[in-house]
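Asker: The following file, model35.cif, comprises mmCIF, C-alpha atoms:
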```cif
data_query
#
loop_
_atom_site.group_PDB
_atom_site.id
_atom_site.type_symbol
_atom_site.label_atom_id
_atom_site.label_comp_id
_atom_site.auth_asym_id
_atom_site.auth_seq_id
_atom_site.Cartn_x
_atom_site.Cartn_y
_atom_site.Cartn_z
ATOM 1 C CA MET A 1 9.961 4.756 -20.432
ATOM 2 C CA ALA A 2 11.721 1.871 -18.638
ATOM 3 C CA PHE A 3 10.130 0.380 -15.542
ATOM 4 C CA ARG A 4 11.436 1.714 -12.267
ATOM 5 C CA SER A 5 10.353 0.292 -8.933
ATOM 6 C CA TRP A 6 9.631 2.613 -6.016
ATOM 7 C CA MET A 7 9.313 -0.274 -3.566
ATOM 8 C CA ASN A 8 12.533 0.709 -1.767
ATOM 9 C CA GLN A 9 10.952 4.018 -0.780
ATOM 10 C CA ALA A 10 7.828 2.172 0.395
ATOM 11 C CA LEU A 11 10.089 -0.098 2.455
ATOM 12 C CA ASP A 12 11.713 3.014 3.976
ATOM 13 C CA GLU A 13 8.236 4.201 4.984
ATOM 14 C CA ALA A 14 7.520 0.760 6.465
ATOM 15 C CA ARG A 15 10.737 0.827 8.510
ATOM 16 C CA ALA A 16 9.853 4.304 9.823
ATOM 17 C CA ALA A 17 6.369 3.075 10.780
ATOM 18 C CA GLY A 18 7.889 0.152 12.676
ATOM 19 C CA GLU A 19 10.217 2.506 14.537
ATOM 20 C CA ARG A 20 7.133 4.483 15.636
ATOM 21 C CA GLY A 21 5.585 1.280 16.999
ATOM 22 C CA GLU A 22 3.182 0.905 14.081
ATOM 23 C CA VAL A 23 2.820 -2.239 12.000
ATOM 24 C CA PRO A 24 5.600 -1.727 9.418
ATOM 25 C CA VAL A 25 3.710 -1.058 6.217
ATOM 26 C CA GLY A 26 4.648 1.701 3.794
ATOM 27 C CA ALA A 27 3.140 3.094 0.617
ATOM 28 C CA VAL A 28 4.238 5.414 -2.175
ATOM 29 C CA ILE A 29 2.166 6.896 -5.007
ATOM 30 C CA VAL A 30 3.925 7.780 -8.237
ATOM 31 C CA SER A 31 2.559 10.117 -10.917
ATOM 32 C CA PRO A 32 2.413 9.208 -14.599
ATOM 33 C CA ARG A 33 5.621 11.264 -15.021
ATOM 34 C CA GLY A 34 7.473 9.133 -12.490
ATOM 35 C CA GLN A 35 7.392 11.558 -9.566
ATOM 36 C CA VAL A 36 6.575 10.500 -6.025
ATOM 37 C CA ILE A 37 3.582 12.620 -5.040
ATOM 38 C CA ALA A 38 2.776 10.919 -1.727
ATOM 39 C CA ALA A 39 4.439 8.569 0.719
ATOM 40 C CA ALA A 40 3.191 7.271 4.046
ATOM 41 C CA GLY A 41 3.549 4.574 6.650
ATOM 42 C CA ASN A 42 0.913 3.163 8.962
ATOM 43 C CA ARG A 43 -0.273 5.599 11.667
ATOM 44 C CA THR A 44 -3.299 3.813 13.134
ATOM 45 C CA ARG A 45 -2.008 3.896 16.705
ATOM 46 C CA GLU A 46 -0.550 7.385 16.524
ATOM 47 C CA LEU A 47 -3.750 8.883 15.130
ATOM 48 C CA ASN A 48 -6.148 6.541 16.953
ATOM 49 C CA ASP A 49 -7.660 5.901 13.551
ATOM 50 C CA PRO A 50 -8.307 2.391 12.248
ATOM 51 C CA THR A 51 -8.381 3.762 8.695
ATOM 52 C CA ALA A 52 -4.889 5.300 8.905
ATOM 53 C CA HIS A 53 -3.290 2.513 6.885
ATOM 54 C CA ALA A 54 -0.304 3.506 4.751
ATOM 55 C CA GLU A 55 -2.321 3.180 1.538
ATOM 56 C CA MET A 56 -5.190 5.315 2.817
ATOM 57 C CA LEU A 57 -2.852 8.057 4.025
ATOM 58 C CA ALA A 58 -0.928 8.039 0.746
ATOM 59 C CA ILE A 59 -4.140 8.138 -1.314
ATOM 60 C CA ARG A 60 -5.465 11.077 0.733
ATOM 61 C CA ALA A 61 -2.179 12.972 0.347
ATOM 62 C CA ALA A 62 -1.967 12.233 -3.389
ATOM 63 C CA CYS A 63 -5.546 13.375 -3.972
ATOM 64 C CA ALA A 64 -4.821 16.586 -2.059
ATOM 65 C CA ALA A 65 -1.625 17.129 -4.072
ATOM 66 C CA THR A 66 -3.365 16.612 -7.413
ATOM 67 C CA GLY A 67 -6.575 18.401 -6.466
ATOM 68 C CA SER A 68 -8.628 15.414 -7.598
ATOM 69 C CA GLU A 69 -10.334 12.394 -6.093
ATOM 70 C CA ARG A 70 -9.062 10.350 -9.066
ATOM 71 C CA LEU A 71 -5.497 9.145 -9.466
ATOM 72 C CA THR A 72 -5.867 7.849 -12.997
ATOM 73 C CA ASP A 73 -2.569 6.638 -14.486
ATOM 74 C CA HIS A 74 -0.868 6.717 -11.065
ATOM 75 C CA ALA A 75 0.913 3.771 -9.478
ATOM 76 C CA LEU A 76 0.753 2.658 -5.845
ATOM 77 C CA TYR A 77 3.642 0.752 -4.285
ATOM 78 C CA VAL A 78 2.856 -0.853 -0.937
ATOM 79 C CA THR A 79 4.834 -3.286 1.171
ATOM 80 C CA LEU A 80 1.891 -5.531 2.108
ATOM 81 C CA GLU A 81 -1.095 -6.770 0.143
ATOM 82 C CA PRO A 82 -3.857 -4.215 0.719
ATOM 83 C CA CYS A 83 -6.783 -5.154 2.955
ATOM 84 C CA ALA A 84 -10.355 -4.954 1.657
ATOM 85 C CA MET A 85 -10.764 -1.363 2.913
ATOM 86 C CA CYS A 86 -7.629 -0.185 1.127
ATOM 87 C CA ALA A 87 -8.474 -2.145 -2.021
ATOM 88 C CA GLY A 88 -11.837 -0.362 -2.090
ATOM 89 C CA ALA A 89 -10.090 3.000 -1.813
ATOM 90 C CA ILE A 90 -7.665 2.016 -4.592
ATOM 91 C CA ALA A 91 -10.635 1.225 -6.840
ATOM 92 C CA ALA A 92 -12.450 4.438 -5.882
ATOM 93 C CA ALA A 93 -9.340 6.502 -6.643
ATOM 94 C CA ARG A 94 -8.962 4.722 -9.997
ATOM 95 C CA ILE A 95 -5.278 3.948 -9.383
ATOM 96 C CA ALA A 96 -3.909 2.387 -12.561
ATOM 97 C CA ARG A 97 -1.257 0.045 -11.189
ATOM 98 C CA LEU A 98 -0.835 -1.647 -7.810
ATOM 99 C CA TYR A 99 2.540 -3.087 -6.847
ATOM 100 C CA TYR A 100 2.701 -4.899 -3.530
ATOM 101 C CA ALA A 101 5.503 -6.775 -1.832
ATOM 102 C CA ALA A 102 4.298 -9.364 0.688
ATOM 103 C CA ALA A 103 1.102 -11.367 0.450
ATOM 104 C CA ASP A 104 -1.207 -11.140 3.470
ATOM 105 C CA PRO A 105 -2.957 -14.483 3.975
ATOM 106 C CA LYS A 106 -4.616 -13.225 7.175
ATOM 107 C CA SER A 107 -6.023 -9.836 6.123
ATOM 108 C CA GLY A 108 -5.311 -9.356 2.431
ATOM 109 C CA GLY A 109 -8.103 -8.208 0.176
ATOM 110 C CA VAL A 110 -6.539 -8.546 -3.282
ATOM 111 C CA ALA A 111 -5.284 -12.109 -3.826
ATOM 112 C CA GLN A 112 -6.491 -13.404 -0.448
ATOM 113 C CA GLY A 113 -9.776 -13.161 1.412
ATOM 114 C CA PRO A 114 -12.440 -11.050 -0.287
ATOM 115 C CA ARG A 115 -10.463 -10.471 -3.535
ATOM 116 C CA VAL A 116 -12.059 -7.056 -3.953
ATOM 117 C CA PHE A 117 -10.992 -6.512 -7.557
ATOM 118 C CA SER A 118 -12.600 -9.800 -8.645
ATOM 119 C CA HIS A 119 -16.114 -8.708 -7.682
ATOM 120 C CA PRO A 120 -18.404 -7.566 -10.496
ATOM 121 C CA GLN A 121 -19.465 -4.602 -8.326
ATOM 122 C CA THR A 122 -15.916 -3.216 -8.377
ATOM 123 C CA HIS A 123 -15.945 -0.195 -10.681
ATOM 124 C CA HIS A 124 -12.206 -0.173 -11.344
ATOM 125 C CA ARG A 125 -9.525 -2.843 -11.384
ATOM 126 C CA PRO A 126 -5.888 -1.770 -11.366
ATOM 127 C CA GLU A 127 -3.146 -3.781 -12.993
ATOM 128 C CA ILE A 128 -1.649 -5.815 -10.142
ATOM 129 C CA PHE A 129 1.974 -6.836 -9.684
ATOM 130 C CA ASP A 130 2.982 -8.717 -6.553
ATOM 131 C CA GLY A 131 6.152 -9.993 -4.950
ATOM 132 C CA ILE A 132 8.437 -6.992 -5.573
ATOM 133 C CA GLY A 133 10.543 -6.698 -2.409
ATOM 134 C CA ALA A 134 8.535 -9.456 -0.726
ATOM 135 C CA ALA A 135 11.431 -10.994 1.228
ATOM 136 C CA GLU A 136 12.387 -7.700 2.869
ATOM 137 C CA ALA A 137 8.779 -6.725 3.608
ATOM 138 C CA GLU A 138 8.083 -10.145 5.123
ATOM 139 C CA ALA A 139 11.227 -9.897 7.267
ATOM 140 C CA LEU A 140 10.171 -6.463 8.586
ATOM 141 C CA LEU A 141 6.762 -7.812 9.575
ATOM 142 C CA ARG A 142 8.133 -11.033 11.042
ATOM 143 C CA HIS A 143 10.646 -9.151 13.232
ATOM 144 C CA PHE A 144 8.057 -6.587 14.304
ATOM 145 C CA PHE A 145 5.583 -9.202 15.510
ATOM 146 C CA ARG A 146 8.231 -11.546 16.945
ATOM 147 C CA ASP A 147 9.519 -8.739 19.146
ATOM 148 C CA ARG A 148 5.997 -8.021 20.466
ATOM 149 C CA ARG A 149 4.671 -11.517 21.090
ATOM 150 C CA PRO A 150 5.778 -13.630 24.058
#
```
Give the structure from this file in structure tokens form.
Answerer:
Amino acid sequence: MAFRSWMNQALDEARAAGERGEVPVGAVIVSPRGQVIAAAGNRTRELNDPTAHAEMLAIRAACAATGSERLTDHALYVTLEPCAMCAGAIAAARIARLYYAAADPKSGGVAQGPRVFSHPQTHHRPEIFDGIGAAEAEALLRHFFRDRRP
């Protein structure tokens, strides 16, 4: 099967999150058959929940949809490098492939900061692909924060 990116749908989720006043981050989980089984954008403010990152919400929804706590052979597309919390959840869910758009030098947990998947204690390491849709994801974030900071 040819590679198909679902980053545009994750970017749609990020735009919707930004319109709700959330940090514009979106995530999509795709089954081994190439079907989107979960999509989410950040909802931390709306839900008053610091764990309501796009990745966490998508993982919860995908696990509910599959009836399993494991998402083996699934792919996660997310518009920003996952933080350490989300990277831990990705490992726990056994997601096979992680595609992320923009790097996060401030709070990233994959290629930046704690580099969760590099630790020997990490039980699962997904294949990681970065930079897909990075320019658009970075622009969404830049505009969001520029409009909120004096």
Asker: Calculated over all atoms listed in the file, which of the candidates A:Met7, A:Val23, A:Ile37, A:Ile59 has the smallest distance to Arg142 (chain A)?
Answerer: A:Val23
Asker: With distances taken over all atoms listed in the file, which of A:Gly88, A:Pro32, A:Gly113, A:Pro24 is nearest to Pro126 (chain A)?
Answerer: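 Smallest separation from Pro126 (chain A) among the options: A:Gly88.
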Asker: Between A:Ile132, A:Ala139, A:Ile95, A:Ala84, which residue has the minimum interatomic distance to Glu69 (chain A), considering all atoms listed in the file?
Answerer: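 Looking at the shortest contact to Glu69 (chain A), the residue is A:Ile95.
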Asker: Just checking: using all atoms listed in the file, which residue out of A:Val25, A:Glu19, A:His123, A:Pro50 ends up closest to Asp104 (chain A)?
Answerer: A:Val25
Asker: Skip Tyr100 (chain A) itself and residues of its chain fewer than 6 positions away, then list as a ChimeraX atom specification all residues within 7 Å of it, counting all atoms listed in the file.
Answerer: /A:77-81,129-132
Asker: Give me the result of the PyMOL selection byres ((chain A and resi 70) around 9) on this file, residue by residue, as a list in words.
Answerer: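 With the PyMOL selection byres ((chain A and resi 70) around 9) on this model, the match is Cys63, Thr66, Gly67, Ser68, Glu69, Leu71, Thr72, Ala92, Ala93, Arg94 and Ile95 of chain A.
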Asker: Using only C-alpha atoms, which residue out of A:Arg43, A:Ser31, A:Glu22, A:Arg125 lies closest to Arg148 (chain A)?
Answerer: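 Using only C-alpha atoms, Arg148 (chain A) sits closest to A:Glu22.
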